[in-house]
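Novice: Below you'll find structure12.csv; it's CSV, C-alpha atoms.
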```csv
chain,number,residue,atom,x,y,z
O,1,MET,CA,124.1,9.5,-59.6
O,2,THR,CA,121.4,9.4,-62.3
O,3,ARG,CA,120.6,12.6,-64.3
O,4,SER,CA,117.3,13.2,-62.5
O,5,LYS,CA,118.8,12.6,-59.0
O,6,GLU,CA,121.6,15.0,-59.9
O,7,ASP,CA,119.0,17.6,-61.1
O,8,SER,CA,117.0,17.2,-57.9
O,9,PHE,CA,120.1,17.5,-55.7
O,10,ASP,CA,121.2,20.5,-57.7
O,11,GLU,CA,117.7,22.0,-57.3
O,12,ARG,CA,117.6,21.5,-53.5
O,13,SER,CA,120.9,23.1,-53.2
O,14,LEU,CA,119.8,26.1,-55.4
O,15,ILE,CA,116.7,26.5,-53.3
O,16,ALA,CA,118.7,26.4,-50.0
O,17,LYS,CA,121.1,29.0,-51.3
O,18,ALA,CA,118.3,31.2,-52.6
O,19,LYS,CA,116.6,31.0,-49.3
O,20,SER,CA,119.7,32.3,-47.6
O,21,GLY,CA,119.8,35.3,-49.9
O,22,ASP,CA,122.1,34.1,-52.7
O,23,GLU,CA,121.0,36.2,-55.7
O,24,ARG,CA,122.8,34.0,-58.2
O,25,ALA,CA,121.0,30.9,-57.0
O,26,PHE,CA,117.7,32.7,-57.2
O,27,THR,CA,118.4,33.9,-60.7
O,28,ALA,CA,119.3,30.3,-61.7
O,29,LEU,CA,115.9,29.1,-60.4
O,30,VAL,CA,114.2,31.9,-62.4
O,31,ASN,CA,116.1,30.9,-65.5
O,32,ARG,CA,115.2,27.2,-65.0
O,33,TYR,CA,111.5,27.7,-64.5
O,34,GLU,CA,110.6,30.9,-66.5
O,35,ASP,CA,109.5,28.9,-69.6
O,36,LEU,CA,107.4,26.5,-67.6
O,37,VAL,CA,105.6,29.3,-65.7
O,38,TYR,CA,105.1,31.4,-68.8
O,39,SER,CA,103.7,28.4,-70.8
O,40,PHE,CA,101.4,27.3,-68.0
O,41,SER,CA,100.2,30.9,-67.5
O,42,LEU,CA,99.5,31.2,-71.2
O,43,LYS,CA,97.5,28.0,-71.3
O,44,ILE,CA,95.3,29.3,-68.5
O,45,CYS,CA,95.1,33.0,-69.4
O,46,ARG,CA,95.0,32.5,-73.2
O,47,ASP,CA,96.5,36.0,-73.5
O,48,GLN,CA,100.2,36.8,-74.1
O,49,GLU,CA,100.1,40.1,-72.1
O,50,LYS,CA,98.4,38.5,-69.1
O,51,ALA,CA,100.8,35.5,-69.2
O,52,GLU,CA,103.8,37.9,-69.1
O,53,GLU,CA,102.2,39.8,-66.2
O,54,THR,CA,101.6,36.5,-64.4
O,55,LEU,CA,105.2,35.4,-65.0
O,56,GLN,CA,106.4,38.6,-63.3
O,57,ASP,CA,104.0,38.3,-60.4
O,58,THR,CA,104.8,34.7,-59.8
O,59,PHE,CA,108.5,35.2,-59.4
O,60,VAL,CA,107.9,38.2,-57.1
O,61,ASN,CA,105.8,35.9,-55.0
O,62,VAL,CA,108.4,33.2,-55.1
O,63,PHE,CA,111.0,35.7,-53.9
O,64,ARG,CA,108.7,36.9,-51.1
O,65,LYS,CA,107.6,33.4,-50.0
O,66,LEU,CA,110.6,31.2,-50.7
O,67,ARG,CA,111.3,30.7,-47.0
O,68,GLN,CA,107.8,29.2,-46.6
O,69,PHE,CA,108.6,26.5,-49.2
O,70,ASP,CA,109.4,23.4,-47.0
O,71,GLY,CA,110.4,21.0,-49.7
O,72,ARG,CA,107.7,18.5,-49.0
O,73,SER,CA,106.2,18.9,-52.4
O,74,LYS,CA,108.1,19.4,-55.7
O,75,PHE,CA,109.3,22.9,-56.4
O,76,SER,CA,107.3,22.8,-59.7
O,77,THR,CA,104.1,21.8,-57.8
O,78,TRP,CA,104.6,24.9,-55.6
O,79,LEU,CA,105.1,27.0,-58.7
O,80,TYR,CA,102.0,25.6,-60.4
O,81,ARG,CA,100.0,26.5,-57.2
O,82,ILE,CA,101.3,30.1,-57.2
O,83,VAL,CA,100.5,30.6,-60.9
O,84,SER,CA,97.0,29.0,-60.5
O,85,ASN,CA,96.2,31.2,-57.5
O,86,ASN,CA,97.5,34.2,-59.4
O,87,CYS,CA,95.3,33.5,-62.4
O,88,LEU,CA,92.2,32.7,-60.3
O,89,MET,CA,92.6,35.9,-58.3
O,90,LYS,CA,93.0,38.0,-61.5
O,91,GLN,CA,90.0,36.3,-63.0
O,92,ARG,CA,87.8,37.1,-59.9
O,93,ARG,CA,88.7,40.8,-60.3
O,94,ARG,CA,87.6,40.6,-63.9
O,95,LYS,CA,84.5,38.5,-63.3
O,96,ALA,CA,82.0,41.3,-63.4
O,97,GLU,CA,83.0,42.0,-67.0
O,98,GLU,CA,82.8,38.4,-68.2
O,99,VAL,CA,79.9,36.6,-69.7
O,100,THR,CA,79.5,33.3,-67.8
O,101,VAL,CA,78.5,30.1,-69.7
O,102,SER,CA,76.6,27.3,-68.2
O,103,ILE,CA,78.2,23.9,-68.3
O,104,ASP,CA,76.0,21.0,-68.6
O,105,GLU,CA,76.4,17.4,-67.7
O,106,PRO,CA,76.3,14.9,-70.6
O,107,THR,CA,72.8,15.1,-72.1
O,108,GLY,CA,70.6,13.1,-74.5
O,109,PHE,CA,69.6,10.2,-72.3
O,110,HIS,CA,66.2,8.6,-71.7
O,111,GLU,CA,64.6,9.8,-68.5
O,112,GLY,CA,64.1,7.7,-65.3
O,113,ASP,CA,66.3,5.1,-63.7
O,114,ASP,CA,63.7,2.4,-63.3
O,115,SER,CA,62.4,2.0,-66.8
O,116,GLU,CA,63.9,-0.4,-69.2
O,117,VAL,CA,65.5,2.4,-71.3
O,118,GLY,CA,66.3,4.8,-68.4
O,119,GLY,CA,69.8,6.1,-68.8
O,120,ALA,CA,70.2,4.8,-72.3
O,121,LEU,CA,71.1,7.1,-75.1
O,122,ALA,CA,68.2,8.6,-77.0
O,123,GLN,CA,70.3,9.6,-79.9
O,124,THR,CA,73.1,8.3,-82.1
O,125,ILE,CA,76.6,9.7,-81.4
O,126,PRO,CA,78.2,10.7,-84.7
O,127,SER,CA,81.8,9.5,-85.3
O,128,TRP,CA,84.5,12.2,-85.3
O,129,VAL,CA,86.8,12.6,-88.3
O,130,ASP,CA,89.9,10.5,-88.1
O,131,SER,CA,93.0,12.3,-89.6
O,132,PRO,CA,96.6,12.8,-88.3
O,133,LEU,CA,96.7,15.6,-85.8
O,134,ASP,CA,99.3,17.7,-87.7
O,135,ARG,CA,97.1,17.7,-90.8
O,136,MET,CA,94.0,18.6,-88.8
O,137,MET,CA,95.6,21.5,-86.9
O,138,THR,CA,94.4,24.2,-89.3
O,139,ARG,CA,94.1,27.9,-88.4
O,140,GLU,CA,90.3,27.4,-88.3
O,141,LEU,CA,90.6,24.6,-85.8
O,142,ARG,CA,93.1,26.5,-83.6
O,143,VAL,CA,90.6,29.4,-83.4
O,144,LEU,CA,87.9,27.0,-82.4
O,145,LEU,CA,90.1,25.4,-79.7
O,146,ASP,CA,90.9,28.8,-78.4
O,147,GLU,CA,87.4,30.1,-78.3
O,148,ALA,CA,86.1,26.9,-76.6
O,149,ILE,CA,88.6,26.9,-73.8
O,150,GLU,CA,88.2,30.6,-73.3
O,151,LYS,CA,84.5,30.0,-72.6
O,152,LEU,CA,85.3,27.6,-69.8
O,153,PRO,CA,85.1,29.0,-66.3
O,154,MET,CA,88.6,29.4,-64.8
O,155,ASP,CA,88.1,26.8,-62.1
O,156,CYS,CA,87.4,24.1,-64.7
O,157,ARG,CA,89.9,25.4,-67.1
O,158,VAL,CA,92.8,25.2,-64.6
O,159,VAL,CA,91.9,21.6,-63.8
O,160,PHE,CA,91.7,20.7,-67.5
O,161,VAL,CA,95.0,22.2,-68.3
O,162,LEU,CA,96.7,20.5,-65.3
O,163,ARG,CA,95.2,17.1,-65.9
O,164,ASP,CA,94.9,16.8,-69.7
O,165,ILE,CA,97.5,19.2,-71.1
O,166,GLU,CA,100.2,19.2,-68.4
O,167,GLY,CA,99.5,15.5,-67.6
O,168,LYS,CA,99.4,15.8,-63.8
O,169,SER,CA,97.6,13.1,-61.9
O,170,ALA,CA,94.3,13.7,-60.1
O,171,GLU,CA,96.1,13.6,-56.8
O,172,GLU,CA,98.8,16.1,-57.8
O,173,THR,CA,96.2,18.4,-59.4
O,174,ALA,CA,94.3,18.3,-56.1
O,175,ARG,CA,97.5,19.2,-54.1
O,176,ILE,CA,98.3,22.1,-56.5
O,177,LEU,CA,94.8,23.6,-56.2
O,178,GLY,CA,94.0,22.7,-52.6
O,179,LEU,CA,91.0,20.6,-53.7
O,180,SER,CA,89.8,17.1,-52.9
O,181,VAL,CA,90.3,14.5,-55.6
O,182,PRO,CA,86.4,14.2,-56.2
O,183,ALA,CA,86.3,17.9,-56.7
O,184,VAL,CA,89.1,17.7,-59.3
O,185,LYS,CA,87.2,14.9,-61.1
O,186,SER,CA,83.9,16.7,-61.1
O,187,ARG,CA,85.5,19.9,-62.6
O,188,LEU,CA,87.4,17.7,-65.1
O,189,ARG,CA,84.2,16.0,-66.2
O,190,ARG,CA,82.5,19.3,-66.8
O,191,ALA,CA,85.4,20.7,-68.7
O,192,ARG,CA,85.8,17.6,-70.9
O,193,VAL,CA,82.0,17.5,-71.6
O,194,PHE,CA,81.9,21.2,-72.5
O,195,LEU,CA,85.0,21.2,-74.7
O,196,ARG,CA,83.9,18.1,-76.6
O,197,GLU,CA,80.5,19.6,-77.1
O,198,GLN,CA,82.0,22.8,-78.5
O,199,LEU,CA,84.1,20.9,-81.1
O,200,THR,CA,81.5,18.4,-82.1
O,201,GLU,CA,80.0,20.3,-85.1
O,202,TYR,CA,83.4,20.9,-86.6
O,203,MET,CA,84.7,17.4,-86.0
O,204,THR,CA,81.6,15.7,-87.5
O,205,SER,CA,81.0,17.8,-90.6
W,1,MET,CA,67.4,-9.1,-57.0
W,2,LYS,CA,69.0,-8.9,-60.4
W,3,LYS,CA,71.6,-6.1,-60.6
W,4,LYS,CA,70.6,-3.3,-63.1
W,5,PRO,CA,73.1,-3.2,-66.0
W,6,VAL,CA,75.3,-0.2,-66.4
W,7,THR,CA,73.6,2.5,-68.5
W,8,CYS,CA,75.1,4.8,-71.2
W,9,LYS,CA,74.7,7.7,-68.9
W,10,GLU,CA,76.8,6.1,-66.2
W,11,VAL,CA,79.4,5.1,-68.8
W,12,PHE,CA,79.6,8.7,-70.1
W,13,ASN,CA,80.0,10.1,-66.6
W,14,HIS,CA,82.6,7.5,-65.6
W,15,ILE,CA,84.8,8.0,-68.7
W,16,CYS,CA,84.6,11.8,-68.4
W,17,GLU,CA,86.1,11.5,-64.9
W,18,ASN,CA,88.4,8.6,-65.2
W,19,LEU,CA,89.5,8.5,-68.9
W,20,ASP,CA,93.2,8.1,-68.3
W,21,GLU,CA,93.1,6.1,-65.1
W,22,LYS,CA,93.4,2.4,-64.5
W,23,MET,CA,90.1,0.7,-65.1
W,24,ASP,CA,90.4,-2.5,-63.2
W,25,SER,CA,87.7,-2.3,-60.5
W,26,PRO,CA,84.6,-4.5,-60.8
W,27,ARG,CA,82.6,-1.5,-61.9
W,28,CYS,CA,85.2,-0.6,-64.5
W,29,ARG,CA,85.0,-4.2,-65.8
W,30,GLU,CA,81.3,-3.7,-66.2
W,31,ILE,CA,81.8,-0.5,-68.1
W,32,ARG,CA,84.3,-2.2,-70.4
W,33,ARG,CA,81.8,-4.9,-71.1
W,34,HIS,CA,79.2,-2.2,-71.9
W,35,LEU,CA,81.7,-0.6,-74.3
W,36,ASP,CA,82.2,-3.9,-76.1
W,37,ARG,CA,78.6,-3.9,-77.2
W,38,CYS,CA,77.6,-0.2,-77.4
W,39,PRO,CA,78.9,1.7,-80.5
W,40,ASN,CA,77.5,5.0,-79.2
W,41,CYS,CA,79.5,4.9,-76.0
W,42,VAL,CA,82.6,3.9,-78.1
W,43,ALA,CA,82.0,6.9,-80.4
W,44,TYR,CA,81.6,9.1,-77.3
W,45,LEU,CA,84.8,7.8,-75.7
W,46,ASP,CA,86.7,8.3,-79.0
W,47,SER,CA,85.5,11.9,-79.4
W,48,LEU,CA,86.5,12.6,-75.8
W,49,LYS,CA,90.0,11.2,-76.4
W,50,LYS,CA,90.3,13.3,-79.6
W,51,THR,CA,89.3,16.4,-77.8
W,52,ILE,CA,92.1,15.9,-75.3
W,53,ARG,CA,94.6,15.0,-78.1
W,54,LEU,CA,93.8,18.2,-80.0
W,55,TYR,CA,94.5,20.4,-77.0
W,56,ARG,CA,97.7,18.5,-76.3
W,57,ALA,CA,98.8,19.0,-79.9
W,58,TYR,CA,97.9,22.7,-79.9
W,59,PRO,CA,101.3,24.3,-80.5
W,60,GLN,CA,102.3,26.6,-77.5
W,61,PRO,CA,104.4,29.6,-78.3
W,62,ARG,CA,107.5,29.9,-76.2
W,63,LEU,CA,108.3,33.0,-74.2
W,64,PRO,CA,109.4,35.5,-76.9
W,65,GLU,CA,113.0,36.7,-76.5
W,66,LYS,CA,112.0,40.3,-76.3
W,67,ALA,CA,109.5,39.5,-73.5
W,68,ARG,CA,112.1,37.4,-71.7
W,69,LYS,CA,114.6,40.3,-71.6
W,70,LYS,CA,111.9,42.7,-70.4
W,71,PHE,CA,110.8,40.2,-67.7
W,72,ARG,CA,114.3,39.7,-66.4
W,73,THR,CA,115.1,43.4,-66.3
W,74,GLU,CA,111.8,44.3,-64.6
W,75,LEU,CA,112.1,41.4,-62.1
W,76,LYS,CA,115.6,42.5,-61.1
W,77,ALA,CA,114.4,46.0,-60.5
W,78,GLN,CA,111.4,44.8,-58.5
W,79,LEU,CA,113.4,42.5,-56.3
W,80,SER,CA,116.0,45.3,-55.6
W,81,SER,CA,113.2,47.6,-54.5
W,82,ILE,CA,111.8,44.8,-52.2
W,83,GLN,CA,115.2,44.3,-50.7
W,84,ARG,CA,115.7,48.0,-50.1
W,85,VAL,CA,112.4,48.1,-48.2
W,86,LYS,CA,113.5,45.1,-46.1
```
Write the structure described by the file as structure tokens, please.
Specialist:
Amino acid sequence: MTRSKEDSFDERSLIAKAKSGDERAFTALVNRYEDLVYSFSLKICRDQEKAEETLQDTFVNVFRKLRQFDGRSKFSTWLYRIVSNNCLMKQRRRKAEEVTVSIDEPTGFHEGDDSEVGGALAQTIPSWVDSPLDRMMTRELRVLLDEAIEKLPMDCRVVFVLRDIEGKSAEETARILGLSVPAVKSRLRRARVFLREQLTEYMTS
Amino acid sequence: MKKKPVTCKEVFNHICENLDEKMDSPRCREIRRHLDRCPNCVAYLDSLKKTIRLYRAYPQPRLPEKARKKFRTELKAQLSSIQRVK
């Protein structure tokens, strides 16, 4: 048996045991996934305390709902869904306190679809600096990356994190969030356009 | 009627949605042809890729050991109280 098949067999067996009330099996699942849940929560919440709170809430939910997990999706997909729902729910509660930003589509094109220049760019796109990533990752840039992603509305941020940071496909992201693939693509487009825009000044100066 | 060529606006929208996906449909081939002769769209595509690379490279702190211990202790207590209620 290959390593990944062994792992998945081992995981199925752990889940089955945990479902029947085996505490050690449940603890083994927690130990296996606590880092993934924490890291994903932190990428979405952008706050250590909130990520720790989400970690706790997620595994309490897993404990309560494990019997509902039917094994048709990957266990990690199910976990991503619980974390995403948890963060979206918390954000809705906080929404009144937050300043919302408007996210634009790409701009700077000539108007009109029928004219010769309609849809063509009306400006020159400046080139971004080209240096190795480790040399670029200064404290200043990290602050900028944090500030930019924190401004993104949560529904776009979750899609961006799943697709572009966690590397999930559009289909899996749609399954995790209970969205259609076109809805995932639309949110991803808005997130990418917005984040690129936020970094442009720094990356071209 | 002659088909209107792909515009920069369409290219921008397309690459923002499908950047890391296979681009082999007829429409994608048209977009690739547009990219071959449009330095602005190439610069935009490059900046979009760099945006994503920067976020991927952003170092993510692991769960601190103190927080891990606290989490495990609190979870155990919470699960025991749920089981008692059951």
Novice: When you get a sec, could you note down which chain W residues fall within 10 Å of chain O, using all atoms listed in the file, as a PyMOL selection string?
Specialist: chain W and resi 4+6-21+39-44+46-64+67-68+70-72+74-76+78-79+82-83
Novice: For the residues in that selection, give me C-alpha atoms as a PDB file, in the frame of the given file.
Specialist:
```
ATOM      1  CA  LYS W   4      70.600  -3.300 -63.100  1.00  0.00           C
ATOM      2  CA  VAL W   6      75.300  -0.200 -66.400  1.00  0.00           C
ATOM      3  CA  THR W   7      73.600   2.500 -68.500  1.00  0.00           C
ATOM      4  CA  CYS W   8      75.100   4.800 -71.200  1.00  0.00           C
ATOM      5  CA  LYS W   9      74.700   7.700 -68.900  1.00  0.00           C
ATOM      6  CA  GLU W  10      76.800   6.100 -66.200  1.00  0.00           C
ATOM      7  CA  VAL W  11      79.400   5.100 -68.800  1.00  0.00           C
ATOM      8  CA  PHE W  12      79.600   8.700 -70.100  1.00  0.00           C
ATOM      9  CA  ASN W  13      80.000  10.100 -66.600  1.00  0.00           C
ATOM     10  CA  HIS W  14      82.600   7.500 -65.600  1.00  0.00           C
ATOM     11  CA  ILE W  15      84.800   8.000 -68.700  1.00  0.00           C
ATOM     12  CA  CYS W  16      84.600  11.800 -68.400  1.00  0.00           C
ATOM     13  CA  GLU W  17      86.100  11.500 -64.900  1.00  0.00           C
ATOM     14  CA  ASN W  18      88.400   8.600 -65.200  1.00  0.00           C
ATOM     15  CA  LEU W  19      89.500   8.500 -68.900  1.00  0.00           C
ATOM     16  CA  ASP W  20      93.200   8.100 -68.300  1.00  0.00           C
ATOM     17  CA  GLU W  21      93.100   6.100 -65.100  1.00  0.00           C
ATOM     18  CA  PRO W  39      78.900   1.700 -80.500  1.00  0.00           C
ATOM     19  CA  ASN W  40      77.500   5.000 -79.200  1.00  0.00           C
ATOM     20  CA  CYS W  41      79.500   4.900 -76.000  1.00  0.00           C
ATOM     21  CA  VAL W  42      82.600   3.900 -78.100  1.00  0.00           C
ATOM     22  CA  ALA W  43      82.000   6.900 -80.400  1.00  0.00           C
ATOM     23  CA  TYR W  44      81.600   9.100 -77.300  1.00  0.00           C
ATOM     24  CA  ASP W  46      86.700   8.300 -79.000  1.00  0.00           C
ATOM     25  CA  SER W  47      85.500  11.900 -79.400  1.00  0.00           C
ATOM     26  CA  LEU W  48      86.500  12.600 -75.800  1.00  0.00           C
ATOM     27  CA  LYS W  49      90.000  11.200 -76.400  1.00  0.00           C
ATOM     28  CA  LYS W  50      90.300  13.300 -79.600  1.00  0.00           C
ATOM     29  CA  THR W  51      89.300  16.400 -77.800  1.00  0.00           C
ATOM     30  CA  ILE W  52      92.100  15.900 -75.300  1.00  0.00           C
ATOM     31  CA  ARG W  53      94.600  15.000 -78.100  1.00  0.00           C
ATOM     32  CA  LEU W  54      93.800  18.200 -80.000  1.00  0.00           C
ATOM     33  CA  TYR W  55      94.500  20.400 -77.000  1.00  0.00           C
ATOM     34  CA  ARG W  56      97.700  18.500 -76.300  1.00  0.00           C
ATOM     35  CA  ALA W  57      98.800  19.000 -79.900  1.00  0.00           C
ATOM     36  CA  TYR W  58      97.900  22.700 -79.900  1.00  0.00           C
ATOM     37  CA  PRO W  59     101.300  24.300 -80.500  1.00  0.00           C
ATOM     38  CA  GLN W  60     102.300  26.600 -77.500  1.00  0.00           C
ATOM     39  CA  PRO W  61     104.400  29.600 -78.300  1.00  0.00           C
ATOM     40  CA  ARG W  62     107.500  29.900 -76.200  1.00  0.00           C
ATOM     41  CA  LEU W  63     108.300  33.000 -74.200  1.00  0.00           C
ATOM     42  CA  PRO W  64     109.400  35.500 -76.900  1.00  0.00           C
ATOM     43  CA  ALA W  67     109.500  39.500 -73.500  1.00  0.00           C
ATOM     44  CA  ARG W  68     112.100  37.400 -71.700  1.00  0.00           C
ATOM     45  CA  LYS W  70     111.900  42.700 -70.400  1.00  0.00           C
ATOM     46  CA  PHE W  71     110.800  40.200 -67.700  1.00  0.00           C
ATOM     47  CA  ARG W  72     114.300  39.700 -66.400  1.00  0.00           C
ATOM     48  CA  GLU W  74     111.800  44.300 -64.600  1.00  0.00           C
ATOM     49  CA  LEU W  75     112.100  41.400 -62.100  1.00  0.00           C
ATOM     50  CA  LYS W  76     115.600  42.500 -61.100  1.00  0.00           C
ATOM     51  CA  GLN W  78     111.400  44.800 -58.500  1.00  0.00           C
ATOM     52  CA  LEU W  79     113.400  42.500 -56.300  1.00  0.00           C
ATOM     53  CA  ILE W  82     111.800  44.800 -52.200  1.00  0.00           C
ATOM     54  CA  GLN W  83     115.200  44.300 -50.700  1.00  0.00           C
TER      55      GLN W  83
END
```
Novice: Please compute the atom CA of Leu144 of chain O-atom CA of Ile82 of chain O distance, one decimal, in Å.
Specialist: 28.7 Å
Novice: Expressed in Å to a single decimal, how great is the separation between atom CA of Ser84 of chain O and atom CA of Lys168 of chain O?
Specialist: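 It comes out at 13.8 Å.
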Novice: What's the separation between atom CA of Met89 of chain O and atom CA of Ala28 of chain O, in Å to one decimal place?
Specialist: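 Between atom CA of Met89 of chain O and atom CA of Ala28 of chain O the gap is 27.5 Å.
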Novice: Can you list, as a PDB file with C-alpha atoms, in the coordinates of the input, every protein, DNA or RNA residue that comes within 9 Å of Cys87 of chain O when you count only C-alpha atoms, leaving out same-chain residues fewer than 2 positions away?
Specialist:
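Output file part-v5.pdb follows:
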```
ATOM      1  CA  SER O  41     100.200  30.900 -67.500  1.00  0.00           C
ATOM      2  CA  ILE O  44      95.300  29.300 -68.500  1.00  0.00           C
ATOM      3  CA  CYS O  45      95.100  33.000 -69.400  1.00  0.00           C
ATOM      4  CA  LYS O  50      98.400  38.500 -69.100  1.00  0.00           C
ATOM      5  CA  ALA O  51     100.800  35.500 -69.200  1.00  0.00           C
ATOM      6  CA  THR O  54     101.600  36.500 -64.400  1.00  0.00           C
ATOM      7  CA  ILE O  82     101.300  30.100 -57.200  1.00  0.00           C
ATOM      8  CA  VAL O  83     100.500  30.600 -60.900  1.00  0.00           C
ATOM      9  CA  SER O  84      97.000  29.000 -60.500  1.00  0.00           C
ATOM     10  CA  ASN O  85      96.200  31.200 -57.500  1.00  0.00           C
ATOM     11  CA  MET O  89      92.600  35.900 -58.300  1.00  0.00           C
ATOM     12  CA  LYS O  90      93.000  38.000 -61.500  1.00  0.00           C
ATOM     13  CA  GLN O  91      90.000  36.300 -63.000  1.00  0.00           C
ATOM     14  CA  ARG O  92      87.800  37.100 -59.900  1.00  0.00           C
ATOM     15  CA  MET O 154      88.600  29.400 -64.800  1.00  0.00           C
ATOM     16  CA  VAL O 158      92.800  25.200 -64.600  1.00  0.00           C
TER      17      VAL O 158
END
```
